Amino acid sequence: MKQFSKPMSRRVFVRAGLAASATTIAALLAGCQRPSNATSGQNGSAAQGADPSEAVLAKKQLRIGMEAAYAPYNWQVSEESEFTIPIDNVPGAFADGYDVQIAKYLGEQMGFEPVAVKQSFSGLIDSLNNGQIDLIIAGMSATDERRQSVDFSEPYFVGSFGLFVMKGSSYENATKLSDFAGATVLGQKDTMLDDVIDEIPDVIHKTPVDSVPTVFSNLKQGTCDAVTFNTENEAGYIKQNPDFVAVKFAPGEGFKEEVPCNVGMKKGSTKLLETIDKTLAELKEDERQKLWDAVLERQPA
């Protein structure tokens with residue numbers, strides 16, 4: 001996973017208008033998914049017109065919601081290192097990944113200590129709006145549905161989607177989405193990995209499952225013909241699953257949808273949103289690349 005130049009060329013880190021001079025990061029800071037059905041962001045102070053930013057910005061420690069099971073964005077480890085943060089609700093456990101490095105960077109620049117809160121992806125928005133977590137940094141994408149209940153930063157990462165099939169599959173040499181007409185395709189529940197399946201004409205859209213490992217297990221067990229994945233993770237996934245083959249789509253024949261990753265915060269957090277966007281804009285693309293490359297080297301096999 002040391003060579004990742006092709007996927008990385010498709011990454012969009014920050015809108016051009018947000019570019020700003022960066023303060024140098026001293027070290028490697030010693031890291032997309034679809035709408036959950038939660039729409040509870042209309043409650044609390046934000047719904048009454050108050051900006052919840054001050055309460056969050058005043059904290060010395062912020063609780064960051066994530067799955068801690070979605071490498072290379074976030075995963076759980078048992079040993080602390082310069083790259084990890086503690087998982088508050090799992091004693092003795094720590095989180096690593098690209099999302100964690102973004103959380104650590106924001107913490108360094110904004111003056112807070114990040115701690116992870118591990119939970120299912122589909123419960124993150126409710127947890128944010130119920131006050132159980134302060135921010136979502138979990139490979140979550142700012143979709144129109146989610147924006148109804150959550151404020152989102154500019155993207156800190158943008159990726160794309162692909163399909164895995166098993167070696168020897170009749171779909172191994174497919175070159176366009178239409179080749180999967182009539183195929184059974186599976187994705188992760190409550191994520192864009194599930195949504196994009198509907199781009200495939202006449203597909204059999206299998207009921208989604210809760211996690212990427214479960215998605216991959218279904219492919220290995222033969223309960224589906226293909227599964228969706230984030231292409232920026234291809235090298236790592238193939239290393240872990242050598243019997244998988246990534247379909248090589250002809251130009252313009254693959255998925256059109258892209259997957260931005262955004263920081264989520266309570267609705268109405270105007271000042272917090274401005275602060276996070278400004279801070280992310282100061283993180284130079286080459287520094288992001290270094291963080292990403294280092295994460296790919298560390299992600300679990």
# chains A, B, ... in the order shown; residues from 1 in each chain; ligands from 1
call {"tool": "residues_around", "arguments": {"residues": "range 63-78 of chain A", "least_positions_apart": "4", "cutoff": "7 Å", "atoms": "only C-alpha atoms", "output": "VMD selection string"}}
result
chain A and resid 31 92 to 100 114 to 121 124 133 to 139 295 to 296 299
call {"tool": "closest_atom_pairs", "arguments": {"of": "range 149-230 of chain A", "to": "range 234-257 of chain A", "cutoff": "12 Å", "atoms": "only C-alpha atoms", "output": "Markdown table"}}
result
| residue | atom | partner | partner_atom | distance |
| --- | --- | --- | --- | --- |
| A:Val158 | CA | A:Glu257 | CA | 10.7 |
| A:Gly159 | CA | A:Glu257 | CA | 9.3 |
| A:Ser160 | CA | A:Glu257 | CA | 6.9 |
| A:Phe161 | CA | A:Phe255 | CA | 6.2 |
| A:Gly162 | CA | A:Phe255 | CA | 7.0 |
| A:Leu163 | CA | A:Val247 | CA | 5.7 |
| A:Phe164 | CA | A:Ala246 | CA | 4.6 |
| A:Val165 | CA | A:Val245 | CA | 5.3 |
| A:Met166 | CA | A:Phe244 | CA | 4.7 |
| A:Lys167 | CA | A:Asp243 | CA | 5.5 |
| A:Gly168 | CA | A:Val245 | CA | 8.9 |
| A:Ser169 | CA | A:Val245 | CA | 9.0 |
| A:Ser170 | CA | A:Val247 | CA | 11.4 |
| A:Tyr171 | CA | A:Val247 | CA | 8.1 |
| A:Glu172 | CA | A:Val247 | CA | 6.4 |
| A:Asn173 | CA | A:Val247 | CA | 7.0 |
| A:Ala174 | CA | A:Val247 | CA | 6.4 |
| A:Thr175 | CA | A:Phe249 | CA | 4.3 |
| A:Lys176 | CA | A:Glu253 | CA | 4.7 |
| A:Leu177 | CA | A:Gly254 | CA | 5.8 |
| A:Ser178 | CA | A:Glu253 | CA | 8.4 |
| A:Asp179 | CA | A:Glu253 | CA | 10.0 |
| A:Phe180 | CA | A:Val247 | CA | 10.8 |
| A:Met192 | CA | A:Glu257 | CA | 8.8 |
| A:Leu193 | CA | A:Glu257 | CA | 10.0 |
| A:Asp194 | CA | A:Glu257 | CA | 11.6 |
| A:Asp195 | CA | A:Glu257 | CA | 9.4 |
| A:Val196 | CA | A:Glu257 | CA | 6.8 |
| A:Ile197 | CA | A:Phe255 | CA | 8.7 |
| A:Asp198 | CA | A:Phe255 | CA | 9.9 |
| A:Glu199 | CA | A:Phe255 | CA | 6.9 |
| A:Ile200 | CA | A:Phe255 | CA | 8.3 |
| A:Pro201 | CA | A:Phe255 | CA | 11.5 |
| A:Val212 | CA | A:Tyr237 | CA | 10.3 |
| A:Pro213 | CA | A:Tyr237 | CA | 10.2 |
| A:Phe216 | CA | A:Asn241 | CA | 8.6 |
| A:Ser217 | CA | A:Asn241 | CA | 10.1 |
| A:Leu219 | CA | A:Phe244 | CA | 8.8 |
| A:Lys220 | CA | A:Asp243 | CA | 8.5 |
| A:Gln221 | CA | A:Asp243 | CA | 12.0 |
| A:Asp225 | CA | A:Phe244 | CA | 11.4 |
| A:Ala226 | CA | A:Val247 | CA | 9.4 |
| A:Val227 | CA | A:Ala246 | CA | 9.8 |
| A:Thr228 | CA | A:Ala246 | CA | 9.7 |
| A:Phe229 | CA | A:Glu234 | CA | 7.7 |
| A:Asn230 | CA | A:Glu234 | CA | 7.0 |
call {"tool": "write_last_selection", "arguments": {"atoms": "N, CA and C atoms", "output": "compact mmCIF listing (two decimals), in the first residue's frame"}}
result
# COMPACT_ATOMS: atom_id res chain seq x y z
N VAL A 158 -11.95 13.51 -0.30
CA VAL A 158 -12.95 13.12 -1.27
C VAL A 158 -12.46 11.88 -2.01
N GLY A 159 -13.26 10.84 -2.03
CA GLY A 159 -12.89 9.60 -2.70
C GLY A 159 -13.93 9.19 -3.73
N SER A 160 -13.82 7.97 -4.21
CA SER A 160 -14.75 7.46 -5.22
C SER A 160 -15.05 5.98 -4.93
N PHE A 161 -15.96 5.41 -5.72
CA PHE A 161 -16.46 4.07 -5.46
C PHE A 161 -16.06 3.08 -6.55
N GLY A 162 -15.94 1.82 -6.16
CA GLY A 162 -15.67 0.75 -7.11
C GLY A 162 -16.41 -0.51 -6.69
N LEU A 163 -16.18 -1.59 -7.43
CA LEU A 163 -16.79 -2.88 -7.14
C LEU A 163 -15.71 -3.95 -7.02
N PHE A 164 -15.86 -4.79 -6.00
CA PHE A 164 -15.06 -5.99 -5.86
C PHE A 164 -15.89 -7.19 -6.29
N VAL A 165 -15.23 -8.13 -6.98
CA VAL A 165 -15.78 -9.45 -7.24
C VAL A 165 -14.73 -10.48 -6.83
N MET A 166 -15.12 -11.74 -6.79
CA MET A 166 -14.16 -12.79 -6.46
C MET A 166 -13.36 -13.19 -7.70
N LYS A 167 -12.11 -13.58 -7.48
CA LYS A 167 -11.32 -14.12 -8.58
C LYS A 167 -12.05 -15.30 -9.21
N GLY A 168 -12.06 -15.32 -10.52
CA GLY A 168 -12.75 -16.40 -11.23
C GLY A 168 -14.22 -16.13 -11.48
N SER A 169 -14.72 -15.01 -10.96
CA SER A 169 -16.12 -14.65 -11.17
C SER A 169 -16.39 -14.34 -12.64
N SER A 170 -17.61 -14.59 -13.06
CA SER A 170 -17.99 -14.25 -14.43
C SER A 170 -18.00 -12.75 -14.67
N TYR A 171 -17.94 -11.98 -13.58
CA TYR A 171 -17.92 -10.52 -13.69
C TYR A 171 -16.50 -9.94 -13.61
N GLU A 172 -15.52 -10.79 -13.52
CA GLU A 172 -14.14 -10.32 -13.29
C GLU A 172 -13.66 -9.39 -14.38
N ASN A 173 -14.10 -9.60 -15.63
CA ASN A 173 -13.62 -8.80 -16.76
C ASN A 173 -14.64 -7.73 -17.19
N ALA A 174 -15.57 -7.43 -16.30
CA ALA A 174 -16.54 -6.37 -16.61
C ALA A 174 -15.81 -5.04 -16.78
N THR A 175 -16.37 -4.18 -17.62
CA THR A 175 -15.74 -2.87 -17.88
C THR A 175 -16.71 -1.71 -17.71
N LYS A 176 -17.98 -2.00 -17.45
CA LYS A 176 -18.96 -0.94 -17.27
C LYS A 176 -20.03 -1.40 -16.30
N LEU A 177 -20.70 -0.41 -15.67
CA LEU A 177 -21.73 -0.75 -14.69
C LEU A 177 -22.84 -1.59 -15.30
N SER A 178 -23.16 -1.34 -16.56
CA SER A 178 -24.26 -2.08 -17.18
C SER A 178 -23.94 -3.57 -17.30
N ASP A 179 -22.68 -3.95 -17.20
CA ASP A 179 -22.34 -5.37 -17.21
C ASP A 179 -22.88 -6.09 -15.98
N PHE A 180 -23.26 -5.32 -14.96
CA PHE A 180 -23.77 -5.92 -13.72
C PHE A 180 -25.30 -5.94 -13.67
N MET A 192 -23.16 5.68 1.72
CA MET A 192 -23.20 5.87 0.28
C MET A 192 -22.72 4.63 -0.46
N LEU A 193 -22.02 3.75 0.23
CA LEU A 193 -21.64 2.47 -0.36
C LEU A 193 -22.87 1.66 -0.74
N ASP A 194 -23.97 1.91 -0.06
CA ASP A 194 -25.23 1.27 -0.41
C ASP A 194 -25.97 2.09 -1.45
N ASP A 195 -25.99 3.40 -1.29
CA ASP A 195 -26.71 4.28 -2.22
C ASP A 195 -26.27 4.11 -3.67
N VAL A 196 -24.95 4.04 -3.89
CA VAL A 196 -24.45 4.08 -5.27
C VAL A 196 -24.82 2.84 -6.06
N ILE A 197 -25.24 1.78 -5.39
CA ILE A 197 -25.63 0.56 -6.10
C ILE A 197 -26.76 0.86 -7.09
N ASP A 198 -27.59 1.83 -6.76
CA ASP A 198 -28.72 2.17 -7.64
C ASP A 198 -28.28 2.82 -8.94
N GLU A 199 -27.00 3.16 -9.07
CA GLU A 199 -26.49 3.62 -10.37
C GLU A 199 -26.38 2.47 -11.37
N ILE A 200 -26.40 1.23 -10.89
CA ILE A 200 -26.25 0.07 -11.77
C ILE A 200 -27.62 -0.28 -12.36
N PRO A 201 -27.74 -0.30 -13.68
CA PRO A 201 -29.05 -0.59 -14.29
C PRO A 201 -29.47 -2.04 -14.05
N VAL A 212 -18.33 -2.96 6.90
CA VAL A 212 -17.53 -3.38 5.75
C VAL A 212 -17.04 -4.82 5.90
N PRO A 213 -16.54 -5.24 7.07
CA PRO A 213 -16.15 -6.65 7.21
C PRO A 213 -17.28 -7.62 6.89
N PHE A 216 -17.77 -7.79 3.13
CA PHE A 216 -16.76 -8.63 2.50
C PHE A 216 -16.99 -10.11 2.78
N SER A 217 -17.46 -10.42 3.97
CA SER A 217 -17.76 -11.82 4.31
C SER A 217 -18.85 -12.38 3.40
N LEU A 219 -19.43 -11.49 0.31
CA LEU A 219 -18.85 -11.76 -1.00
C LEU A 219 -18.09 -13.09 -0.97
N LYS A 220 -17.31 -13.31 0.07
CA LYS A 220 -16.55 -14.56 0.19
C LYS A 220 -17.47 -15.78 0.29
N GLN A 221 -18.61 -15.60 0.94
CA GLN A 221 -19.55 -16.71 1.12
C GLN A 221 -20.44 -16.95 -0.09
N ASP A 225 -22.83 -11.19 -5.85
CA ASP A 225 -21.88 -11.24 -6.96
C ASP A 225 -20.78 -10.19 -6.85
N ALA A 226 -21.11 -9.06 -6.22
CA ALA A 226 -20.16 -7.95 -6.13
C ALA A 226 -20.50 -7.11 -4.91
N VAL A 227 -19.51 -6.38 -4.42
CA VAL A 227 -19.73 -5.45 -3.30
C VAL A 227 -19.06 -4.13 -3.64
N THR A 228 -19.60 -3.06 -3.09
CA THR A 228 -19.03 -1.74 -3.29
C THR A 228 -17.91 -1.48 -2.30
N PHE A 229 -16.98 -0.61 -2.68
CA PHE A 229 -15.89 -0.22 -1.79
C PHE A 229 -15.39 1.15 -2.18
N ASN A 230 -14.65 1.80 -1.27
CA ASN A 230 -14.02 3.08 -1.56
C ASN A 230 -12.70 2.82 -2.26
call {"tool": "select_by_dssp", "arguments": {"residues": "range 59-290 of chain A", "states": "strand (DSSP E or B)", "output": "ChimeraX atom specification"}}
result
/A:61-66,69-70,74-77,85-87,94-96,113-118,135-136,140,150-152,157-166,184-186,188,204-205,209,226-230,244-246,258-261,264-266
call {"tool": "closest_residue", "arguments": {"among": "A:Glu145, A:Glu54, A:Glu258, A:Asp151", "to": "Asp190 in chain A", "atoms": "only C-alpha atoms"}}
result
A:Glu145
call {"tool": "closest_atom_pairs", "arguments": {"of": "range 135-211 of chain A", "to": "range 274-292 of chain A", "cutoff": "8 Å", "atoms": "only C-alpha atoms", "output": "Markdown table"}}
result
| residue | atom | partner | partner_atom | distance |
| --- | --- | --- | --- | --- |
| A:Ser153 | CA | A:Asp277 | CA | 5.7 |
| A:Glu154 | CA | A:Asp277 | CA | 6.1 |
| A:Tyr156 | CA | A:Leu280 | CA | 7.0 |
call {"tool": "closest_residue", "arguments": {"among": "A:Leu57, A:Val90, A:Pro52, A:Phe83", "to": "Leu128 in chain A", "atoms": "only C-alpha atoms"}}
result
A:Pro52
call {"tool": "select_by_dssp", "arguments": {"residues": "range 59-229 of chain A", "states": "helix (DSSP H, G or I)", "output": "PyMOL selection string"}}
result
chain A and resi 98-110+121-129+144-147+177-180+192-199+212-221
call {"tool": "closest_residue", "arguments": {"among": "A:Gly131, A:Gly123, A:Gly107, A:Gly222", "to": "Asp210 in chain A", "atoms": "only C-alpha atoms"}}
result
A:Gly123
call {"tool": "atom_distance", "arguments": {"atom1": "CA of Pro208 in chain A", "atom2": "CA of Pro155 in chain A"}}
result
25.5 Å
call {"tool": "atom_distance", "arguments": {"atom1": "CA of Thr270 in chain A", "atom2": "CA of Leu106 in chain A"}}
result
16.7 Å
call {"tool": "decode", "arguments": {"residues": "range 232-275 of chain A", "atoms": "N, CA and C atoms", "output": "compact mmCIF listing (two decimals), in the first residue's frame"}}
result
# COMPACT_ATOMS: atom_id res chain seq x y z
N GLU A 232 -10.06 4.49 -2.82
CA GLU A 232 -8.81 4.92 -2.20
C GLU A 232 -8.26 3.86 -1.24
N ASN A 233 -9.11 2.89 -0.87
CA ASN A 233 -8.70 1.82 0.05
C ASN A 233 -8.37 0.53 -0.69
N GLU A 234 -8.36 0.57 -2.01
CA GLU A 234 -8.24 -0.66 -2.79
C GLU A 234 -7.01 -1.49 -2.43
N ALA A 235 -5.85 -0.86 -2.37
CA ALA A 235 -4.63 -1.61 -2.11
C ALA A 235 -4.68 -2.34 -0.78
N GLY A 236 -5.17 -1.66 0.25
CA GLY A 236 -5.26 -2.29 1.56
C GLY A 236 -6.26 -3.43 1.59
N TYR A 237 -7.40 -3.23 0.96
CA TYR A 237 -8.42 -4.28 0.94
C TYR A 237 -7.93 -5.52 0.19
N ILE A 238 -7.24 -5.31 -0.93
CA ILE A 238 -6.72 -6.44 -1.70
C ILE A 238 -5.65 -7.19 -0.91
N LYS A 239 -4.85 -6.44 -0.18
CA LYS A 239 -3.82 -7.07 0.65
C LYS A 239 -4.47 -7.97 1.70
N GLN A 240 -5.57 -7.51 2.27
CA GLN A 240 -6.26 -8.28 3.29
C GLN A 240 -7.12 -9.40 2.70
N ASN A 241 -7.54 -9.22 1.44
CA ASN A 241 -8.45 -10.17 0.80
C ASN A 241 -7.93 -10.50 -0.60
N PRO A 242 -6.87 -11.32 -0.69
CA PRO A 242 -6.20 -11.54 -1.99
C PRO A 242 -7.06 -12.22 -3.04
N ASP A 243 -8.20 -12.78 -2.66
CA ASP A 243 -9.09 -13.40 -3.65
C ASP A 243 -10.07 -12.41 -4.25
N PHE A 244 -10.00 -11.14 -3.82
CA PHE A 244 -10.85 -10.10 -4.40
C PHE A 244 -10.20 -9.53 -5.66
N VAL A 245 -11.04 -9.13 -6.59
CA VAL A 245 -10.60 -8.44 -7.79
C VAL A 245 -11.39 -7.14 -7.91
N ALA A 246 -10.68 -6.04 -8.09
CA ALA A 246 -11.34 -4.75 -8.31
C ALA A 246 -11.68 -4.61 -9.79
N VAL A 247 -12.94 -4.39 -10.09
CA VAL A 247 -13.37 -4.24 -11.47
C VAL A 247 -12.73 -3.00 -12.07
N LYS A 248 -12.17 -3.15 -13.26
CA LYS A 248 -11.51 -2.04 -13.95
C LYS A 248 -12.48 -1.45 -14.98
N PHE A 249 -13.13 -0.38 -14.58
CA PHE A 249 -14.11 0.24 -15.46
C PHE A 249 -13.42 1.07 -16.55
N ALA A 250 -14.00 1.04 -17.74
CA ALA A 250 -13.54 1.93 -18.81
C ALA A 250 -13.83 3.37 -18.41
N PRO A 251 -13.09 4.33 -18.96
CA PRO A 251 -13.32 5.74 -18.61
C PRO A 251 -14.78 6.14 -18.79
N GLY A 252 -15.34 6.73 -17.73
CA GLY A 252 -16.71 7.19 -17.78
C GLY A 252 -17.76 6.11 -17.58
N GLU A 253 -17.34 4.86 -17.35
CA GLU A 253 -18.29 3.76 -17.24
C GLU A 253 -18.47 3.26 -15.82
N GLY A 254 -17.79 3.88 -14.86
CA GLY A 254 -17.94 3.48 -13.47
C GLY A 254 -18.95 4.34 -12.74
N PHE A 255 -18.88 4.33 -11.41
CA PHE A 255 -19.80 5.13 -10.60
C PHE A 255 -19.51 6.62 -10.79
N LYS A 256 -20.57 7.40 -10.88
CA LYS A 256 -20.43 8.85 -11.04
C LYS A 256 -20.31 9.55 -9.68
N GLU A 257 -20.93 8.96 -8.67
CA GLU A 257 -20.96 9.58 -7.34
C GLU A 257 -19.58 9.58 -6.71
N GLU A 258 -19.23 10.70 -6.05
CA GLU A 258 -18.01 10.78 -5.25
C GLU A 258 -18.38 10.82 -3.78
N VAL A 259 -17.39 10.56 -2.93
CA VAL A 259 -17.68 10.49 -1.50
C VAL A 259 -16.80 11.47 -0.73
N PRO A 260 -17.34 12.64 -0.39
CA PRO A 260 -16.59 13.57 0.46
C PRO A 260 -16.69 13.14 1.92
N CYS A 261 -15.67 13.44 2.68
CA CYS A 261 -15.70 13.22 4.13
C CYS A 261 -15.69 14.59 4.80
N ASN A 262 -16.65 14.83 5.68
CA ASN A 262 -16.82 16.14 6.31
C ASN A 262 -16.94 15.97 7.82
N VAL A 263 -16.53 17.00 8.55
CA VAL A 263 -16.71 17.03 10.00
C VAL A 263 -18.14 17.47 10.29
N GLY A 264 -18.84 16.70 11.14
CA GLY A 264 -20.21 17.03 11.49
C GLY A 264 -20.30 17.66 12.87
N MET A 265 -21.21 18.62 13.02
CA MET A 265 -21.43 19.30 14.30
C MET A 265 -22.90 19.68 14.41
N LYS A 266 -23.35 20.06 15.60
CA LYS A 266 -24.75 20.39 15.79
C LYS A 266 -25.21 21.49 14.84
N LYS A 267 -26.46 21.40 14.41
CA LYS A 267 -27.05 22.39 13.53
C LYS A 267 -27.02 23.77 14.20
N GLY A 268 -26.63 24.76 13.42
CA GLY A 268 -26.59 26.12 13.94
C GLY A 268 -25.27 26.52 14.55
N SER A 269 -24.24 25.66 14.41
CA SER A 269 -22.92 25.93 15.02
C SER A 269 -22.09 26.83 14.12
N THR A 270 -22.55 28.07 13.95
CA THR A 270 -21.94 28.98 12.98
C THR A 270 -20.47 29.25 13.29
N LYS A 271 -20.17 29.63 14.50
CA LYS A 271 -18.79 29.98 14.85
C LYS A 271 -17.88 28.75 14.81
N LEU A 272 -18.36 27.62 15.31
CA LEU A 272 -17.58 26.39 15.29
C LEU A 272 -17.31 25.96 13.86
N LEU A 273 -18.30 26.06 13.00
CA LEU A 273 -18.13 25.70 11.59
C LEU A 273 -17.08 26.58 10.94
N GLU A 274 -17.16 27.88 11.17
CA GLU A 274 -16.17 28.79 10.59
C GLU A 274 -14.77 28.47 11.08
N THR A 275 -14.65 28.16 12.37
CA THR A 275 -13.33 27.85 12.95
C THR A 275 -12.76 26.58 12.35
